[in-house]
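Listing of protein.cif, mmCIF, C-alpha atoms
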data_work
loop_
_atom_site.group_PDB
_atom_site.id
_atom_site.type_symbol
_atom_site.label_atom_id
_atom_site.label_comp_id
_atom_site.auth_asym_id
_atom_site.auth_seq_id
_atom_site.Cartn_x
_atom_site.Cartn_y
_atom_site.Cartn_z
ATOM 1 C CA MET V 1 94.473 83.174 118.233
ATOM 2 C CA SER V 2 92.745 86.512 118.443
ATOM 3 C CA VAL V 3 94.496 89.308 116.591
ATOM 4 C CA THR V 4 93.271 92.769 117.524
ATOM 5 C CA HIS V 5 95.798 94.874 115.617
ATOM 6 C CA LEU V 6 99.100 94.795 113.746
ATOM 7 C CA ASN V 7 102.371 95.593 115.394
ATOM 8 C CA LEU V 8 103.373 98.282 112.873
ATOM 9 C CA GLU V 9 106.938 98.303 114.175
ATOM 10 C CA ARG V 10 107.366 94.673 113.084
ATOM 11 C CA TYR V 11 104.843 94.143 110.254
ATOM 12 C CA ILE V 12 107.099 93.998 107.197
ATOM 13 C CA PRO V 13 104.511 95.098 104.574
ATOM 14 C CA ALA V 14 103.785 98.238 106.615
ATOM 15 C CA LEU V 15 107.471 98.985 107.184
ATOM 16 C CA LEU V 16 108.180 98.643 103.459
ATOM 17 C CA THR V 17 105.118 100.699 102.501
ATOM 18 C CA PHE V 18 105.873 103.500 104.939
ATOM 19 C CA LEU V 19 109.492 103.650 103.778
ATOM 20 C CA THR V 20 108.667 103.632 100.067
ATOM 21 C CA ASN V 21 105.824 106.134 100.451
ATOM 22 C CA LYS V 22 108.070 108.574 102.293
ATOM 23 C CA MET V 23 110.939 108.041 99.845
ATOM 24 C CA SER V 24 108.615 108.509 96.850
ATOM 25 C CA THR V 25 107.056 111.660 98.265
ATOM 26 C CA GLY V 26 110.449 113.184 99.003
ATOM 27 C CA ALA V 27 111.838 112.200 95.615
ATOM 28 C CA SER V 28 108.799 113.549 93.797
ATOM 29 C CA GLN V 29 109.045 116.898 95.592
ATOM 30 C CA CYS V 30 112.782 117.124 94.880
ATOM 31 C CA TYR V 31 112.490 116.108 91.217
ATOM 32 C CA ARG V 32 109.512 118.399 90.540
ATOM 33 C CA LYS V 33 111.269 121.369 92.104
ATOM 34 C CA ASN V 34 114.621 120.785 90.407
ATOM 35 C CA PHE V 35 113.787 118.985 87.154
ATOM 36 C CA GLY V 36 110.063 119.496 86.431
ATOM 37 C CA ILE V 37 109.166 115.807 86.679
ATOM 38 C CA GLY V 38 107.627 113.641 89.372
ATOM 39 C CA ILE V 39 108.586 110.234 90.670
ATOM 40 C CA VAL V 40 106.526 108.325 88.086
ATOM 41 C CA GLU V 41 108.191 110.171 85.214
ATOM 42 C CA TRP V 42 111.579 109.553 86.813
ATOM 43 C CA ARG V 43 110.890 105.829 87.120
ATOM 44 C CA LEU V 44 109.999 105.674 83.440
ATOM 45 C CA LEU V 45 113.108 107.622 82.411
ATOM 46 C CA ALA V 46 115.250 105.320 84.563
ATOM 47 C CA LEU V 47 113.689 102.224 82.992
ATOM 48 C CA LEU V 48 114.108 103.613 79.463
ATOM 49 C CA ALA V 49 117.778 104.331 80.148
ATOM 50 C CA VAL V 50 118.192 100.615 80.816
ATOM 51 C CA GLU V 51 115.771 99.216 78.233
ATOM 52 C CA GLN V 52 115.092 101.281 75.088
ATOM 53 C CA GLN V 53 112.182 100.719 72.719
ATOM 54 C CA ILE V 54 109.836 99.016 75.124
ATOM 55 C CA SER V 55 106.070 98.992 75.283
ATOM 56 C CA ALA V 56 103.958 100.756 77.858
ATOM 57 C CA ASN V 57 102.710 97.322 78.963
ATOM 58 C CA ARG V 58 106.291 96.259 79.671
ATOM 59 C CA MET V 59 106.759 99.411 81.745
ATOM 60 C CA VAL V 60 103.649 98.590 83.763
ATOM 61 C CA GLN V 61 104.948 95.047 84.372
ATOM 62 C CA VAL V 62 108.445 96.118 85.424
ATOM 63 C CA ILE V 63 107.571 99.124 87.573
ATOM 64 C CA GLY V 64 104.310 97.793 88.992
ATOM 65 C CA LEU V 65 102.264 100.960 88.463
ATOM 66 C CA ASP V 66 98.763 101.024 87.045
ATOM 67 C CA LYS V 67 98.295 101.675 83.335
ATOM 68 C CA SER V 68 96.643 105.065 83.807
ATOM 69 C CA ALA V 69 99.579 106.457 85.836
ATOM 70 C CA VAL V 70 102.044 105.227 83.226
ATOM 71 C CA SER V 71 99.907 106.621 80.412
ATOM 72 C CA ARG V 72 99.699 110.077 82.020
ATOM 73 C CA ALA V 73 103.441 110.119 82.671
ATOM 74 C CA LEU V 74 104.208 109.061 79.109
ATOM 75 C CA GLN V 75 101.995 111.847 77.768
ATOM 76 C CA LEU V 76 103.877 114.410 79.850
ATOM 77 C CA LEU V 77 107.275 113.044 78.831
ATOM 78 C CA GLU V 78 106.285 113.032 75.166
ATOM 79 C CA ARG V 79 104.880 116.563 75.384
ATOM 80 C CA GLU V 80 108.215 117.696 76.884
ATOM 81 C CA ARG V 81 110.036 115.827 74.071
ATOM 82 C CA LEU V 82 111.872 113.612 76.547
ATOM 83 C CA ILE V 83 110.631 110.428 74.880
ATOM 84 C CA THR V 84 109.356 109.300 71.507
ATOM 85 C CA ILE V 85 106.462 106.927 71.044
ATOM 86 C CA ASP V 86 106.602 105.004 67.766
ATOM 87 C CA THR V 87 104.601 102.257 66.126
ATOM 88 C CA ASP V 88 106.258 98.878 66.651
ATOM 89 C CA LEU V 89 107.762 97.698 63.355
ATOM 90 C CA LYS V 90 106.791 94.085 64.125
ATOM 91 C CA ASP V 91 103.215 94.797 65.245
ATOM 92 C CA ALA V 92 101.419 97.983 64.152
ATOM 93 C CA ARG V 93 98.969 97.621 67.069
ATOM 94 C CA ARG V 94 101.794 98.155 69.563
ATOM 95 C CA TYR V 95 103.843 101.200 70.371
ATOM 96 C CA THR V 96 107.367 101.394 71.649
ATOM 97 C CA VAL V 97 108.839 104.121 73.821
ATOM 98 C CA SER V 98 112.405 105.452 73.706
ATOM 99 C CA LEU V 99 114.373 108.254 75.302
ATOM 100 C CA THR V 100 115.277 111.280 73.199
ATOM 101 C CA VAL V 101 118.645 112.961 73.573
ATOM 102 C CA SER V 102 116.959 115.490 75.895
ATOM 103 C CA GLY V 103 115.403 112.637 77.860
ATOM 104 C CA GLN V 104 118.784 110.950 78.275
ATOM 105 C CA GLU V 105 120.334 114.240 79.396
ATOM 106 C CA LEU V 106 117.568 114.789 81.974
ATOM 107 C CA HIS V 107 117.939 111.194 83.134
ATOM 108 C CA ASN V 108 121.656 111.732 83.687
ATOM 109 C CA ARG V 109 121.061 114.879 85.753
ATOM 110 C CA VAL V 110 118.358 113.283 87.920
ATOM 111 C CA LEU V 111 120.464 110.142 88.333
ATOM 112 C CA VAL V 112 123.120 112.084 90.252
ATOM 113 C CA VAL V 113 120.481 113.203 92.776
ATOM 114 C CA ALA V 114 118.826 109.757 92.931
ATOM 115 C CA LEU V 115 122.143 108.081 93.705
ATOM 116 C CA GLU V 116 122.908 110.647 96.420
ATOM 117 C CA ARG V 117 119.501 109.994 97.984
ATOM 118 C CA GLU V 118 120.255 106.258 97.924
ATOM 119 C CA ARG V 119 123.703 106.841 99.451
ATOM 120 C CA LEU V 120 122.166 108.815 102.307
ATOM 121 C CA LEU V 121 119.441 106.189 102.840
ATOM 122 C CA LEU V 122 122.017 103.421 103.145
ATOM 123 C CA ALA V 123 124.629 105.440 105.079
ATOM 124 C CA GLY V 124 123.883 103.606 108.333
ATOM 125 C CA LEU V 125 124.463 100.178 106.793
ATOM 126 C CA SER V 126 127.714 98.359 106.137
ATOM 127 C CA GLY V 127 128.526 97.059 102.667
ATOM 128 C CA GLU V 128 127.682 93.554 103.871
ATOM 129 C CA GLU V 129 124.328 94.722 105.253
ATOM 130 C CA VAL V 130 123.501 96.385 101.921
ATOM 131 C CA GLU V 131 124.203 93.117 100.107
ATOM 132 C CA ILE V 132 122.040 91.195 102.592
ATOM 133 C CA LEU V 133 119.247 93.757 102.158
ATOM 134 C CA ILE V 134 119.389 93.462 98.363
ATOM 135 C CA GLY V 135 119.282 89.671 98.659
ATOM 136 C CA CYS V 136 116.321 89.787 101.033
ATOM 137 C CA LEU V 137 114.401 92.230 98.822
ATOM 138 C CA ASN V 138 114.992 90.002 95.784
ATOM 139 C CA LYS V 139 113.818 86.934 97.707
ATOM 140 C CA MET V 140 110.685 88.793 98.831
ATOM 141 C CA SER V 141 110.029 89.950 95.261
ATOM 142 C CA ALA V 142 110.180 86.320 94.138
ATOM 143 C CA GLN V 143 107.318 85.574 96.561
ATOM 144 C CA LEU V 144 104.948 88.231 95.174
ATOM 145 C CA ASP V 145 102.923 85.858 92.984
ATOM 146 C CA ALA V 146 102.141 83.697 96.021
ATOM 147 C CA VAL V 147 101.463 86.743 98.203
ATOM 148 C CA ASN V 148 99.127 88.288 95.652
ATOM 149 C CA ALA V 149 97.276 84.997 95.213
ATOM 150 C CA VAL V 150 96.085 85.014 98.845
ATOM 151 C CA ASN V 151 92.323 85.419 99.137
ATOM 152 C CA ALA V 152 90.165 86.189 102.139
ATOM 153 C CA VAL V 153 89.899 82.934 104.061
ATOM 154 C CA ASP V 154 89.025 81.732 107.515
ATOM 155 C CA PRO V 155 91.909 83.000 109.697
ATOM 156 C CA ASN V 156 91.916 79.671 111.522
ATOM 157 C CA ASP V 157 93.036 78.017 108.276
ATOM 158 C CA LEU V 158 96.174 80.159 108.016
ATOM 159 C CA LEU V 159 99.477 78.994 109.402
ATOM 160 C CA PHE V 160 101.426 81.818 111.044
ATOM 161 C CA THR V 161 105.122 81.075 110.793
ATOM 162 C CA SER V 162 106.563 84.573 110.723
ATOM 163 C CA GLY V 163 108.714 84.005 113.783
ATOM 164 C CA TYR V 164 107.229 86.801 115.843
ATOM 165 C CA GLU V 165 104.140 87.248 117.918
ATOM 166 C CA LEU V 166 101.237 89.286 116.634
ATOM 167 C CA ALA V 167 100.095 92.085 118.921
ATOM 168 C CA GLU V 168 96.907 91.378 120.858
#
Could you write out this structure as structure tokens?
Amino acid sequence: MSVTHLNLERYIPALLTFLTNKMSTGASQCYRKNFGIGIVEWRLLALLAVEQQISANRMVQVIGLDKSAVSRALQLLERERLITIDTDLKDARRYTVSLTVSGQELHNRVLVVALERERLLLAGLSGEEVEILIGCLNKMSAQLDAVNAVNAVDPNDLLFTSGYELAE
């Protein structure tokens, strides 16, 4: 099989990437204009609203961003007094991050906009389709360790079972 290019209208990683990039860019522009934070800061606020007193490493694991992006965002949030960073009582080498009252208030204001953006994104789907989408995304997330373990190999050794033809 000779593959000359991807069919970007059917290649799932590209479709997901294009969608998330465009959503992130739009969200970042909206949140910066209206709330003074970008998408990375919003993601951290959203995570902290769910899970207080967590480490920066935990944030990196959950959100999937690199450490430097998380570090920069945490510095901004701390400077704006939206979070506190404290020494972990169990391990003085670790730090835990929590929302301040101001951080929780900002989170609540941004959340209204974030949920409206989600509502508009999903407006063309039925309730059943939304549930199927969530299930599919969770199943794909469960495959990430295997996906990320793939190394460059001889293409002839790979088994293509995606169910669709690659563009030639």
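Here, the PyMOL selection byres ((chain V and resi 80) around 12) matches Phe35, Gly36, Ile37, Glu41, Ala73, Leu74, Gln75, Leu76, Leu77, Glu78, Arg79, Arg81, Leu82, Ile83, Thr84, Leu99, Thr100, Val101, Ser102, Gly103 and Leu106 of chain V.
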>> Distance cut-off 12 Å, centre (112.9, 106.9, 99.8) in file coordinates, counting all atoms listed in the file: which residues qualify? Return them as a PyMOL selection string.
In response: chain V and resi 16-30+39+114-122
>> If I take atom CA of V:Lys139 and atom CA of V:Pro13, how far is one from the other in Å, to one decimal?
In response: 14.2 Å
>> Set the distance at 12 Å and use only C-alpha atoms: which residues neighbour V:Arg93 once local chain neighbours fewer than 6 positions away are removed? I'd like the list as a VMD selection string.
In response: chain V and resid 55 86 to 87
Pull C-alpha atoms from the residues just selected and write them as a PDB file, in the coordinates of the input.
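Wrote result-v3.pdb, looks like this:
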ATOM      1  CA  SER V  55     106.070  98.992  75.283  1.00  0.00           C
ATOM      2  CA  ASP V  86     106.602 105.004  67.766  1.00  0.00           C
ATOM      3  CA  THR V  87     104.601 102.257  66.126  1.00  0.00           C
TER       4      THR V  87
END
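In this structure, atom CA of V:Leu45 sits 11.4 Å away from atom CA of V:Ile63.
Minimum atom-to-atom distance to V:Val60, evaluated using only C-alpha atoms, belongs to V:Leu44 out of V:Val150, V:Ile134, V:Leu44, V:Ala92.
For the pair atom CA of V:Gln53 and atom CA of V:Leu89, the interatomic distance is 10.8 Å.
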> Any idea what's packed within 8 Å of V:Val40, counting only C-alpha atoms, ignoring anything in its chain fewer than 2 positions away? Could you give it as a PyMOL selection string?
Replying inline: chain V and resi 38+42-44+69-70+73
Any chance you could tabulate, as JSON lines, the residues of stretch 39-133 of chain V at most 12 Å from stretch 140-147 of chain V with each one's nearest atom pair and distance in Å to one decimal, using all atoms listed in the file, in chain and rising number order?
{"residue": "V:Val62", "atom": "CA", "partner": "V:Ser141", "partner_atom": "CA", "distance": 11.7}
{"residue": "V:Gly64", "atom": "CA", "partner": "V:Leu144", "partner_atom": "CA", "distance": 11.4}
{"residue": "V:Leu133", "atom": "CA", "partner": "V:Met140", "partner_atom": "CA", "distance": 10.4}
Keeping C-alpha atoms, export the residues of the selection given above as a compact mmCIF listing (two decimals), keeping the file's coordinate frame.
# COMPACT_ATOMS: atom_id res chain seq x y z
CA VAL V 62 108.44 96.12 85.42
CA GLY V 64 104.31 97.79 88.99
CA LEU V 133 119.25 93.76 102.16
> In terms of the shortest atom-to-atom distance over all atoms listed in the file, which of V:Val110, V:Ala14, V:Met59, V:Ile132 is closest to V:Leu47?
Replying inline: V:Met59
